[in-house]
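Enquirer: My structure file query_38.txt, compact mmCIF, C-alpha atoms, is below:
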```txt
# COMPACT_ATOMS: atom_id res chain seq x y z
CA MET R 1 0.00 0.00 0.00
CA GLN R 2 2.58 2.57 -1.05
CA ALA R 3 1.26 6.12 -1.32
CA PRO R 4 0.85 7.43 -4.85
CA LEU R 5 3.00 10.40 -5.78
CA ARG R 6 0.27 13.05 -5.63
CA PRO R 7 -2.39 12.34 -3.02
CA LEU R 8 -5.46 14.55 -3.13
CA LEU R 9 -8.53 15.05 -0.98
CA GLU R 10 -11.31 17.23 -2.26
CA ALA R 11 -14.89 17.87 -1.14
CA ARG R 12 -17.33 19.52 -3.53
CA ASP R 13 -20.51 21.06 -2.15
CA LEU R 14 -20.70 18.40 0.51
CA ALA R 15 -23.79 18.15 2.70
CA CYS R 16 -24.23 15.56 5.43
CA GLN R 17 -27.05 14.59 7.70
CA ARG R 18 -27.33 12.66 10.89
CA GLY R 19 -30.74 11.13 11.43
CA GLU R 20 -33.14 13.69 9.98
CA ARG R 21 -30.96 16.71 10.70
CA LEU R 22 -28.78 18.40 8.10
CA LEU R 23 -25.45 19.12 9.80
CA PHE R 24 -23.71 21.22 7.16
CA ARG R 25 -24.01 22.00 3.46
CA ARG R 26 -22.03 23.55 0.60
CA LEU R 27 -18.79 22.48 2.19
CA SER R 28 -15.94 22.53 -0.30
CA PHE R 29 -12.21 22.30 0.14
CA ARG R 30 -9.22 20.90 -1.63
CA LEU R 31 -6.13 19.49 0.06
CA GLU R 32 -3.04 18.87 -2.02
CA ALA R 33 -0.02 16.76 -1.19
CA GLY R 34 1.85 17.93 1.88
CA THR R 35 -0.94 19.97 3.45
CA ALA R 36 -2.68 19.72 6.79
CA CYS R 37 -6.07 21.12 7.68
CA HIS R 38 -7.65 21.63 11.09
CA VAL R 39 -11.45 21.29 11.35
CA THR R 40 -13.04 22.90 14.38
CA GLY R 41 -16.60 22.77 15.59
CA ALA R 42 -18.68 22.31 18.69
CA ASN R 43 -19.78 18.87 19.87
CA GLY R 44 -22.37 17.50 17.48
CA ALA R 45 -21.53 19.99 14.74
CA GLY R 46 -20.67 17.12 12.40
CA LYS R 47 -16.90 16.71 12.51
CA THR R 48 -17.04 12.94 12.87
CA THR R 49 -19.74 12.68 10.21
CA LEU R 50 -17.59 14.78 7.85
CA LEU R 51 -14.60 12.51 8.40
CA ARG R 52 -16.66 9.37 7.85
CA ALA R 53 -18.14 10.84 4.66
CA LEU R 54 -14.65 11.72 3.43
CA ALA R 55 -13.54 8.16 4.23
CA GLY R 56 -16.46 6.77 2.21
CA LEU R 57 -17.96 5.11 5.27
CA THR R 58 -21.21 7.08 5.07
CA THR R 59 -22.97 8.39 2.01
CA PRO R 60 -23.19 12.19 1.96
CA PHE R 61 -26.63 13.76 1.57
CA ALA R 62 -25.34 15.77 -1.39
CA GLY R 63 -22.08 16.63 -3.05
CA GLU R 64 -19.09 14.47 -3.78
CA VAL R 65 -15.71 13.50 -2.41
CA LEU R 66 -12.61 13.03 -4.54
CA ARG R 67 -9.79 10.95 -3.18
CA GLU R 68 -6.43 10.03 -4.62
CA GLY R 69 -4.36 7.83 -2.38
CA THR R 70 -4.86 5.41 0.47
CA LEU R 71 -6.86 6.45 3.50
CA GLY R 72 -6.09 6.05 7.16
CA LEU R 73 -8.72 6.79 9.79
CA LEU R 74 -8.08 7.35 13.49
CA ASP R 75 -11.14 7.73 15.69
CA ASP R 76 -12.23 6.66 19.15
CA ARG R 77 -12.57 3.06 17.95
CA THR R 78 -9.21 1.37 17.83
CA GLY R 79 -10.03 -1.66 15.70
CA LEU R 80 -7.84 -3.66 18.10
CA ASP R 81 -9.10 -6.88 19.68
CA PRO R 82 -9.74 -6.09 23.35
CA GLU R 83 -8.89 -9.59 24.58
CA PHE R 84 -5.50 -9.72 22.88
CA PRO R 85 -2.27 -8.22 24.22
CA VAL R 86 -1.31 -4.96 22.50
CA ALA R 87 1.53 -6.54 20.52
CA ARG R 88 -0.68 -9.34 19.16
CA ALA R 89 -3.62 -7.05 18.37
CA LEU R 90 -1.32 -4.65 16.50
CA ALA R 91 0.49 -7.53 14.78
CA PHE R 92 -2.71 -8.32 12.88
CA TRP R 93 -2.85 -4.83 11.34
CA PHE R 94 0.91 -4.65 10.82
CA GLY R 95 0.59 -7.94 8.92
CA VAL R 96 -2.36 -6.78 6.83
CA ASP R 97 -0.62 -3.48 6.03
CA GLN R 98 2.82 -5.07 5.59
CA ALA R 99 4.23 -2.43 7.91
CA ASP R 100 7.93 -1.58 7.96
CA ALA R 101 9.72 -2.04 11.28
CA PRO R 102 6.77 -2.66 13.63
CA GLN R 103 9.21 -2.67 16.56
CA ALA R 104 10.32 0.86 15.80
CA ILE R 105 6.71 2.04 15.56
CA MET R 106 5.88 0.45 18.93
CA ALA R 107 8.96 2.06 20.48
CA ARG R 108 8.17 5.48 19.04
CA LEU R 109 4.71 5.42 20.64
CA ARG R 110 6.13 4.09 23.93
CA LEU R 111 4.14 0.87 23.68
CA ASP R 112 7.05 -1.44 24.50
CA ALA R 113 6.18 -1.71 28.17
CA LEU R 114 2.52 -2.33 27.30
CA ALA R 115 3.16 -5.02 24.66
CA GLU R 116 1.84 -7.90 26.78
CA VAL R 117 -1.09 -6.01 28.36
CA PRO R 118 -4.53 -6.91 26.94
CA VAL R 119 -6.00 -3.99 25.00
CA ARG R 120 -9.07 -3.73 27.24
CA TYR R 121 -6.89 -2.87 30.25
CA LEU R 122 -5.38 0.17 28.51
CA SER R 123 -6.33 3.70 29.51
CA THR R 124 -7.92 6.08 26.99
CA GLY R 125 -4.59 7.68 26.15
CA GLN R 126 -2.79 4.35 25.86
CA LYS R 127 -5.50 3.06 23.51
CA LYS R 128 -5.07 6.18 21.41
CA ARG R 129 -1.34 5.55 21.18
CA ALA R 130 -1.95 1.96 20.11
CA ALA R 131 -4.37 3.20 17.42
CA LEU R 132 -1.72 5.70 16.27
CA ALA R 133 0.73 2.82 15.92
CA ARG R 134 -1.80 1.07 13.68
CA LEU R 135 -2.19 4.26 11.61
CA ILE R 136 1.56 4.71 11.14
CA GLY R 137 2.00 1.08 10.16
CA GLN R 138 -0.61 1.56 7.45
CA ARG R 139 1.49 4.20 5.64
CA ALA R 140 -1.66 5.75 4.16
CA ALA R 141 -1.30 8.87 2.05
CA ILE R 142 -4.32 10.63 3.56
CA TRP R 143 -4.82 10.78 7.31
CA LEU R 144 -8.26 11.50 8.73
CA LEU R 145 -7.81 12.11 12.45
CA ASP R 146 -10.83 12.46 14.72
CA GLU R 147 -9.82 14.05 18.03
CA PRO R 148 -6.27 12.65 17.93
CA LEU R 149 -5.25 14.60 21.03
CA SER R 150 -8.09 13.68 23.37
CA GLY R 151 -6.97 11.67 26.37
CA LEU R 152 -3.28 12.14 25.62
CA ASP R 153 -0.71 13.59 28.01
CA THR R 154 1.40 16.58 27.01
CA ALA R 155 4.33 14.51 25.76
CA SER R 156 2.08 12.36 23.59
CA GLN R 157 0.27 15.42 22.23
CA GLY R 158 3.64 16.76 21.13
CA LEU R 159 4.35 13.41 19.50
CA VAL R 160 1.08 13.53 17.51
CA THR R 161 1.90 17.04 16.31
CA ALA R 162 5.35 15.87 15.25
CA LEU R 163 3.93 12.83 13.48
CA VAL R 164 1.45 14.98 11.52
CA ALA R 165 4.20 17.42 10.55
CA GLU R 166 6.41 14.52 9.40
CA HIS R 167 3.56 12.94 7.47
CA CYS R 168 2.86 16.21 5.61
CA SER R 169 6.50 16.99 4.88
CA ALA R 170 6.74 13.51 3.34
CA GLY R 171 3.97 14.52 0.91
CA GLY R 172 0.97 13.21 2.85
CA ILE R 173 -2.34 14.91 3.58
CA ALA R 174 -3.83 15.25 7.06
CA LEU R 175 -7.32 16.41 8.00
CA ILE R 176 -7.66 16.81 11.73
CA ALA R 177 -10.89 17.33 13.64
CA SER R 178 -9.99 18.56 17.10
CA HIS R 179 -11.02 20.91 19.88
CA GLN R 180 -7.42 21.48 20.86
CA PRO R 181 -5.11 23.73 18.85
CA LEU R 182 -2.37 21.95 16.94
CA ASP R 183 1.03 23.42 16.30
CA VAL R 184 1.63 22.10 12.79
CA PRO R 185 3.44 24.41 10.36
CA ASP R 186 1.41 25.85 7.45
CA MET R 187 -1.83 24.31 8.60
CA THR R 188 -5.07 25.70 7.21
CA SER R 189 -8.29 25.49 9.17
CA PHE R 190 -12.03 25.95 8.91
CA ALA R 191 -14.94 25.87 11.32
CA ILE R 192 -17.71 23.47 10.44
CA GLU R 193 -20.30 25.87 11.88
CA ASP R 194 -19.66 28.20 8.93
CA PHE R 195 -21.44 25.64 6.80
CA ALA R 196 -24.32 24.97 9.15
CA LEU R 197 -27.84 25.49 7.89
CA THR R 198 -28.35 28.59 10.04
CA SER R 199 -25.15 30.19 8.78
CA THR R 200 -25.02 32.37 5.67
CA GLY R 201 -21.69 30.90 4.64
CA PRO R 202 -18.02 31.40 5.50
CA ALA R 203 -17.29 34.89 6.73
CA MET K 204 -4.90 -10.45 3.61
CA LEU K 205 -7.81 -12.93 3.53
CA GLY K 206 -5.73 -15.65 5.16
CA GLN K 207 -4.69 -13.25 7.91
CA LEU K 208 -8.31 -12.22 8.43
CA LEU K 209 -9.46 -15.84 8.63
CA ARG K 210 -6.75 -16.65 11.17
CA ARG K 211 -7.75 -13.65 13.28
CA ASP K 212 -11.46 -14.52 13.09
CA LEU K 213 -10.75 -18.11 14.05
CA ALA K 214 -8.68 -16.99 17.03
CA GLN K 215 -11.74 -15.02 18.14
CA PHE K 216 -14.29 -17.78 17.76
CA PHE K 217 -12.59 -21.13 17.92
CA PRO K 218 -13.28 -23.03 21.13
CA PHE K 219 -10.25 -23.75 23.31
CA ALA K 220 -8.06 -21.41 21.22
CA GLY K 221 -7.77 -18.39 23.46
CA GLY K 222 -10.56 -15.93 22.74
CA GLY K 223 -13.40 -18.36 21.94
CA ALA K 224 -15.50 -20.35 24.38
CA ALA K 225 -16.33 -24.04 24.35
CA LEU K 226 -19.82 -23.30 25.64
CA PRO K 227 -21.83 -24.41 22.55
CA VAL K 228 -20.20 -27.85 22.53
CA VAL K 229 -20.56 -28.31 26.27
CA PHE K 230 -24.21 -27.29 25.95
CA PHE K 231 -24.70 -29.77 23.11
CA VAL K 232 -23.25 -32.72 25.03
CA ALA K 233 -25.10 -31.67 28.19
CA VAL K 234 -28.47 -31.91 26.39
CA ALA K 235 -27.62 -35.40 25.11
CA MET K 236 -26.56 -36.38 28.63
CA LEU K 237 -29.67 -35.02 30.36
CA TYR K 238 -32.21 -36.43 27.91
CA PRO K 239 -31.99 -40.10 29.10
CA PHE K 240 -32.47 -38.90 32.68
CA ALA K 241 -35.58 -36.96 31.69
CA VAL K 242 -37.35 -39.65 29.60
CA GLY K 243 -35.97 -42.75 31.30
CA PRO K 244 -33.36 -45.26 30.18
CA ASP K 245 -35.62 -47.22 27.80
CA ALA K 246 -33.20 -48.07 24.98
CA ALA K 247 -35.92 -48.35 22.31
CA VAL K 248 -37.42 -44.92 23.12
CA LEU K 249 -33.98 -43.32 23.21
CA ALA K 250 -32.98 -44.84 19.87
CA LYS K 251 -36.25 -43.68 18.29
CA THR K 252 -36.24 -40.09 19.59
CA GLY K 253 -32.56 -39.44 20.29
CA GLY K 254 -31.71 -38.29 16.76
CA GLY K 255 -34.30 -35.52 16.96
CA VAL K 256 -32.89 -34.38 20.29
CA VAL K 257 -29.39 -34.18 18.82
CA TRP K 258 -30.75 -31.99 16.00
CA ILE K 259 -32.50 -29.66 18.44
CA ALA K 260 -29.35 -29.46 20.57
CA ALA K 261 -27.30 -28.63 17.46
CA LEU K 262 -29.71 -25.87 16.50
CA LEU K 263 -29.65 -24.32 19.97
CA ALA K 264 -25.87 -24.64 20.17
CA ALA K 265 -25.66 -22.65 16.93
CA ILE K 266 -27.50 -19.75 18.60
CA LEU K 267 -25.03 -19.36 21.46
CA PRO K 268 -22.09 -17.74 19.60
CA LEU K 269 -24.28 -15.22 17.73
CA GLU K 270 -23.93 -12.42 20.26
CA LYS K 271 -20.23 -11.93 19.61
CA LEU K 272 -20.32 -12.79 15.92
CA VAL K 273 -20.75 -9.35 14.31
CA ALA K 274 -21.84 -6.67 16.81
CA ARG K 275 -18.53 -6.56 18.68
CA ASP K 276 -16.45 -5.87 15.58
CA ILE K 277 -18.82 -3.10 14.48
CA GLU K 278 -18.31 -1.44 17.88
CA LEU K 279 -14.55 -1.89 17.56
CA GLY K 280 -14.49 -0.17 14.19
CA PHE K 281 -12.87 -3.33 12.88
CA PHE K 282 -14.98 -3.52 9.70
CA ASP K 283 -14.43 0.22 9.05
CA GLN K 284 -10.68 -0.29 9.09
CA LEU K 285 -10.94 -3.24 6.68
CA ARG K 286 -13.19 -1.18 4.40
CA LEU K 287 -10.54 1.55 4.21
CA ARG K 288 -8.11 -1.11 3.06
CA GLY K 289 -10.34 -1.93 0.12
CA LEU K 290 -12.08 -5.05 1.39
CA THR K 291 -15.80 -5.26 0.62
CA GLU K 292 -18.35 -6.17 3.29
CA GLU K 293 -19.30 -9.27 1.30
CA VAL K 294 -15.76 -10.63 1.49
CA MET K 295 -15.50 -9.82 5.21
CA MET K 296 -18.75 -11.70 5.83
CA ALA K 297 -17.72 -14.66 3.66
CA VAL K 298 -14.55 -15.02 5.74
CA ARG K 299 -16.58 -14.62 8.92
CA LEU K 300 -18.99 -17.36 7.74
CA ILE K 301 -16.12 -19.80 7.21
CA ALA K 302 -14.65 -18.96 10.62
CA HIS K 303 -18.03 -19.27 12.33
CA TRP K 304 -18.75 -22.67 10.78
CA LEU K 305 -15.25 -23.99 11.49
CA SER K 306 -15.61 -22.91 15.11
CA PHE K 307 -18.73 -24.97 15.81
CA GLY K 308 -19.61 -27.31 12.90
CA PRO K 309 -16.75 -29.84 13.00
CA VAL K 310 -16.64 -29.82 16.81
CA LEU K 311 -20.37 -30.49 16.93
CA VAL K 312 -20.01 -33.43 14.52
CA LEU K 313 -17.24 -34.85 16.71
CA ALA K 314 -19.32 -34.31 19.85
CA THR K 315 -22.11 -36.32 18.19
CA PHE K 316 -20.07 -39.51 18.75
CA PRO K 317 -20.32 -39.39 22.56
CA ALA K 318 -23.84 -37.92 22.33
CA ALA K 319 -24.99 -40.80 20.11
CA ALA K 320 -23.53 -43.32 22.55
CA LEU K 321 -25.48 -41.70 25.39
CA LEU K 322 -28.70 -41.81 23.37
CA ASN K 323 -28.28 -45.35 22.06
CA ILE K 324 -28.15 -44.22 18.42
CA GLU K 325 -26.29 -46.61 16.16
CA GLY K 326 -26.11 -48.18 12.70
CA GLU K 327 -27.87 -46.51 9.80
CA THR K 328 -29.50 -43.88 12.06
CA PHE K 329 -26.11 -42.81 13.34
CA ARG K 330 -24.73 -42.56 9.81
CA LEU K 331 -27.68 -40.41 8.70
CA LEU K 332 -27.31 -38.22 11.78
CA ILE K 333 -23.62 -37.51 11.16
CA LEU K 334 -24.12 -36.92 7.42
CA GLY K 335 -27.12 -34.71 8.16
CA LEU K 336 -25.15 -32.56 10.60
CA ILE K 337 -22.29 -32.21 8.11
CA ALA K 338 -24.81 -31.08 5.50
CA GLY K 339 -26.91 -28.94 7.82
CA THR K 340 -24.45 -27.05 10.05
CA PRO K 341 -23.16 -24.78 7.24
CA GLY K 342 -26.77 -23.70 6.71
CA LEU K 343 -27.22 -23.05 10.42
CA ALA K 344 -23.99 -21.01 10.41
CA ALA K 345 -25.24 -18.98 7.43
CA ILE K 346 -28.60 -18.22 9.05
CA GLY K 347 -26.78 -17.29 12.25
CA LEU K 348 -24.46 -14.88 10.43
CA ILE K 349 -27.30 -13.15 8.56
CA ILE K 350 -29.25 -12.68 11.77
CA ALA K 351 -26.22 -11.56 13.77
CA ALA K 352 -25.46 -8.92 11.13
CA LEU K 353 -29.09 -7.76 10.91
CA THR K 354 -29.50 -7.38 14.66
CA ALA K 355 -25.97 -6.04 15.33
CA SER K 356 -27.08 -2.43 15.65
CA LEU K 357 -30.13 -3.20 17.81
CA ARG K 358 -29.87 -2.85 21.56
CA ALA K 359 -31.62 -6.13 22.38
CA GLY K 360 -30.00 -7.80 19.38
CA ALA K 361 -28.67 -10.86 21.18
CA ALA K 362 -32.00 -11.95 22.59
CA LEU K 363 -33.77 -11.25 19.33
CA SER K 364 -31.32 -13.21 17.20
CA GLY K 365 -32.11 -16.45 19.02
CA LEU K 366 -35.80 -16.01 18.39
CA LEU K 367 -35.26 -15.18 14.72
CA LEU K 368 -33.02 -18.14 14.04
CA ILE K 369 -35.51 -20.77 15.16
CA PRO K 370 -38.18 -20.35 12.45
CA LEU K 371 -35.57 -19.90 9.72
CA ALA K 372 -33.82 -23.10 10.76
CA LEU K 373 -37.02 -25.16 10.59
CA PRO K 374 -36.52 -26.49 7.03
CA ILE K 375 -33.07 -27.83 7.90
CA LEU K 376 -34.47 -29.41 11.04
CA ILE K 377 -37.46 -30.97 9.28
CA PHE K 378 -35.41 -32.60 6.54
CA GLY K 379 -32.44 -33.42 8.76
CA ALA K 380 -34.41 -35.06 11.55
CA GLY K 381 -36.95 -36.41 9.06
CA ALA K 382 -34.23 -38.43 7.36
CA LEU K 383 -33.72 -40.28 10.65
CA ALA K 384 -37.40 -41.09 11.21
CA ARG K 385 -37.90 -42.41 7.69
CA GLN K 386 -34.38 -43.83 7.33
CA ASP K 387 -34.30 -41.91 4.06
CA PRO K 388 -30.92 -40.62 2.81
CA ALA K 389 -32.66 -38.62 0.04
CA SER K 390 -33.88 -36.08 2.62
CA LEU K 391 -30.27 -35.20 3.29
CA GLY K 392 -30.06 -33.98 -0.29
CA PHE K 393 -32.62 -31.33 0.65
CA VAL K 394 -30.62 -30.41 3.75
CA GLY K 395 -27.52 -29.97 1.61
CA ALA K 396 -29.39 -27.94 -0.99
CA ILE K 397 -30.88 -25.60 1.63
CA SER K 398 -27.48 -25.20 3.25
CA LEU K 399 -25.83 -24.45 -0.07
CA GLY K 400 -28.41 -21.81 -0.92
CA LEU K 401 -28.04 -20.15 2.47
CA VAL K 402 -24.25 -20.21 2.34
CA ALA K 403 -24.33 -18.55 -1.08
CA LEU K 404 -26.78 -15.91 0.13
CA ALA K 405 -25.29 -15.15 3.55
CA PRO K 406 -22.26 -12.99 2.62
CA PHE K 407 -24.44 -10.69 0.52
CA ALA K 408 -27.26 -10.39 3.04
CA ALA K 409 -24.90 -9.94 5.99
CA GLY K 410 -22.68 -7.55 4.03
CA ALA K 411 -25.64 -5.35 3.13
CA ALA K 412 -26.76 -5.44 6.76
CA ILE K 413 -23.46 -4.16 8.18
CA ARG K 414 -23.26 -1.51 5.47
CA ALA K 415 -26.71 -0.32 6.51
CA ALA K 416 -25.70 -0.37 10.18
CA ARG K 417 -22.72 1.86 9.36
CA GLU K 418 -24.88 4.56 7.79
CA GLN K 419 -26.64 5.32 11.06
```
Show me this structure written as structure tokens.

Expert:
Amino acid sequence: MQAPLRPLLEARDLACQRGERLLFRRLSFRLEAGTACHVTGANGAGKTTLLRALAGLTTPFAGEVLREGTLGLLDDRTGLDPEFPVARALAFWFGVDQADAPQAIMARLRLDALAEVPVRYLSTGQKKRAALARLIGQRAAIWLLDEPLSGLDTASQGLVTALVAEHCSAGGIALIASHQPLDVPDMTSFAIEDFALTSTGPA
Amino acid sequence: MLGQLLRRDLAQFFPFAGGGAALPVVFFVAVAMLYPFAVGPDAAVLAKTGGGVVWIAALLAAILPLEKLVARDIELGFFDQLRLRGLTEEVMMAVRLIAHWLSFGPVLVLATFPAAALLNIEGETFRLLILGLIAGTPGLAAIGLIIAALTASLRAGAALSGLLLIPLALPILIFGAGALARQDPASLGFVGAISLGLVALAPFAAGAAIRAAREQ
């Protein structure tokens, strides 16, 4: 799953609903290789729905999504078997993704000491780090990160910022939905509320 | 990737192999063990009715693993992650069907040997019982997978899935147990045909069900 040379993520007049409620409409953006974008919005504004629509996991109400390149999604669901030890649960995804140097990835996310602990015993922040290890092993060109900083300590938050910066400088794309500010160079941002039904459009 | 997925699914469901539980098999043998106590040790009665009891026990044992079969991996985001890697829901469900059957079908057939001894089933009846279970359990697994996927996003899904499986499994039961009563191997052809149809249908039905659950 090597990234293509020019990954691209583009939304055209996207509108999404949850249940019967329209969350946002006429949302358009275009992310080229090497760019990061920060999506802000209150709880329930539709950040997660936007990310899932961009990932192709839900059908948007209107509009279209263009994707070039492999997709990696990080959300509050780790995809790791709760009964298995961290190393074994991650080994499945490292195997599927044919990850380079799984040991180095585990070490970078400080999972070495947790390798034999079953996933269900991990704290929120530790689970997030394990999910990040899965994401890095995937080597996807486009990262969709849903609240990547929540539950993490200061050191790990710095690590996430560094990982995003590295990913973008290597030509990847990152779209990050987060309440916390991220210190990634040259990052654009938009607020999802600007596209809410009650809004007249981006100011 | 499919081989890795099958290995992972088997590790989740296979009895005695870490994650899975041996409960369905224990349940199955327990029914065969209790039946002679309940109806009395009359060898002729046991031989005449025992085959039907084994079939009912097999059907109920197939219900037990349904709770964990699909719902847990939806909650984990496991299917989402596979989807992002280009796997379709139909393929995921086909692999899951194989893993589900392997985790209870062959073990159930093996457990029929002690169960048949307890119930005084032998000769031609025993042969028809074993062949019938080999032909019928893939169908039971397929029905179980469809129902588990359909009810995965419902709150009371586990209780409901047991109730839904019973009427759908009736044709397999009628022809499978009927073959014993009439000593008629031809009935097993029907069991095999029903199973085959269900196995072919299950990945598509279950795949569509988990896609629909994702849209919520």

Enquirer: Take CA of Leu269 in chain K and CA of Thr354 in chain K and report the distance between them in Å, one decimal.

Expert: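 Pair CA of Leu269 in chain K / CA of Thr354 in chain K returns 9.9 Å.
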
Enquirer: Which residues are close to Lys271 in chain K, i.e. within 9 Å by all atoms listed in the file, leaving aside same-chain residues fewer than 5 positions away? Reply as a PDB file with C-alpha atoms, in the frame of the given file.

Expert:
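Result file follows (selection_30.pdb):
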```pdb
ATOM      1  CA  PHE K 216     -14.290 -17.780  17.760  1.00  0.00           C
ATOM      2  CA  ASP K 276     -16.450  -5.870  15.580  1.00  0.00           C
ATOM      3  CA  ALA K 351     -26.220 -11.560  13.770  1.00  0.00           C
ATOM      4  CA  ALA K 361     -28.670 -10.860  21.180  1.00  0.00           C
TER       5      ALA K 361
END
```

Enquirer: Show me, as a list in words, every residue of chain R with an atom at most 9 Å from chain K, counting all atoms listed in the file.

Expert: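 Every residue meeting the condition is included here: Met1, Arg18, Gly19, Ala55, Gly56, Leu57, Thr58, Thr59, Thr70, Leu71, Gly72, Leu73, Asp75, Asp76, Arg77, Thr78, Gly79, Leu80, Asp81, Pro82, Glu83, Phe84, Phe92, Gly95, Val96 and Asp97 of chain R.
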
Enquirer: Quick one: residues within 9 Å of range 149-151 of chain R, all atoms listed in the file, excluding same-chain residues fewer than 2 positions away - as a PyMOL selection string?

Expert: chain R and resi 123-126+128+146-147+153+156-157+160-161+178-180+182

Enquirer: Would you please work out which residue, of K:Ile337, K:Leu267, K:Val294, K:Leu262, is nearest to Ala362 in chain K when using all atoms listed in the file?

Expert: K:Leu267

Enquirer: Nearest to Ile375 in chain K: which of K:Ala318, K:Ile333, K:Ala359, K:Ile259 is it, counting only C-alpha atoms?

Expert: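 Closest to Ile375 in chain K of all the choices is K:Ile259.
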
Enquirer: What is the distance between CA of Leu90 in chain R and CA of Leu290 in chain K, in Å to one decimal?

Expert: 18.6 Å

Enquirer: Would you list the residues near (-24.4, 19.1, 15.9), meaning any protein, DNA or RNA residue with an atom at most 12 Å from that point in file coordinates, counting all atoms listed in the file, as a ChimeraX atom specification?

Expert: /R:16-24,41-50,192-193,195-198

Enquirer: Do you have the CA of Ile142 in chain R-CA of Val65 in chain R distance handy?

Expert: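 Atom-to-atom, CA of Ile142 in chain R and CA of Val65 in chain R are spaced 13.2 Å apart.
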
Enquirer: Looking at K:Val256, K:Ala382, K:Leu300, K:Val229, which one is nearest to Val402 in chain K, with distances taken over only C-alpha atoms?

Expert: K:Leu300

Enquirer: May I have the residues within 12 Å of Pro370 in chain K as a PyMOL selection string, using all atoms listed in the file and disregarding those fewer than 3 positions away in the same chain?

Expert: chain K and resi 262+343+346-347+350+364-367+373-377

Enquirer: Might you pull out every residue within 9 Å of Ile176 in chain R, with all atoms listed in the file counted and same-chain residues fewer than 3 positions away left off, and present them as number ranges by chain?

Expert: R: 36-40, 51, 143-148

Enquirer: In file coordinates, which residues lie within 9 Å of (-9.8, 18.3, -4.7) using only C-alpha atoms, given as a ChimeraX atom specification?

Expert: /R:8-12,28-32,65-68

Enquirer: Quick one: residues within 8 Å of Gly339 in chain K, all atoms listed in the file counted, chain neighbours fewer than 2 positions away excluded, as a VMD selection string?

Expert: chain K and resid 335 to 337 341 to 343 375 379 394 to 395 398

Enquirer: With all atoms listed in the file as the atoms that count, which of K:Ala265, K:Ala345, K:Gly381, K:Ala235 lies nearest to Phe316 in chain K?

Expert: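 Nearest to Phe316 in chain K: K:Ala235.
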
Enquirer: Pick out the closest residue to Ile136 in chain R from this set: R:Ala33, R:Val119, R:Leu109, R:Met187. Count all atoms listed in the file.

Expert: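 Closest candidate: R:Leu109.
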
Enquirer: Given only C-alpha atoms as the basis, pick out the residue of K:Val242, K:Ala250, K:Val298, K:Val310 nearest to Val228 in chain K.

Expert: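 Of K:Val242, K:Ala250, K:Val298, K:Val310, the one nearest Val228 in chain K is K:Val310, counting only C-alpha atoms.
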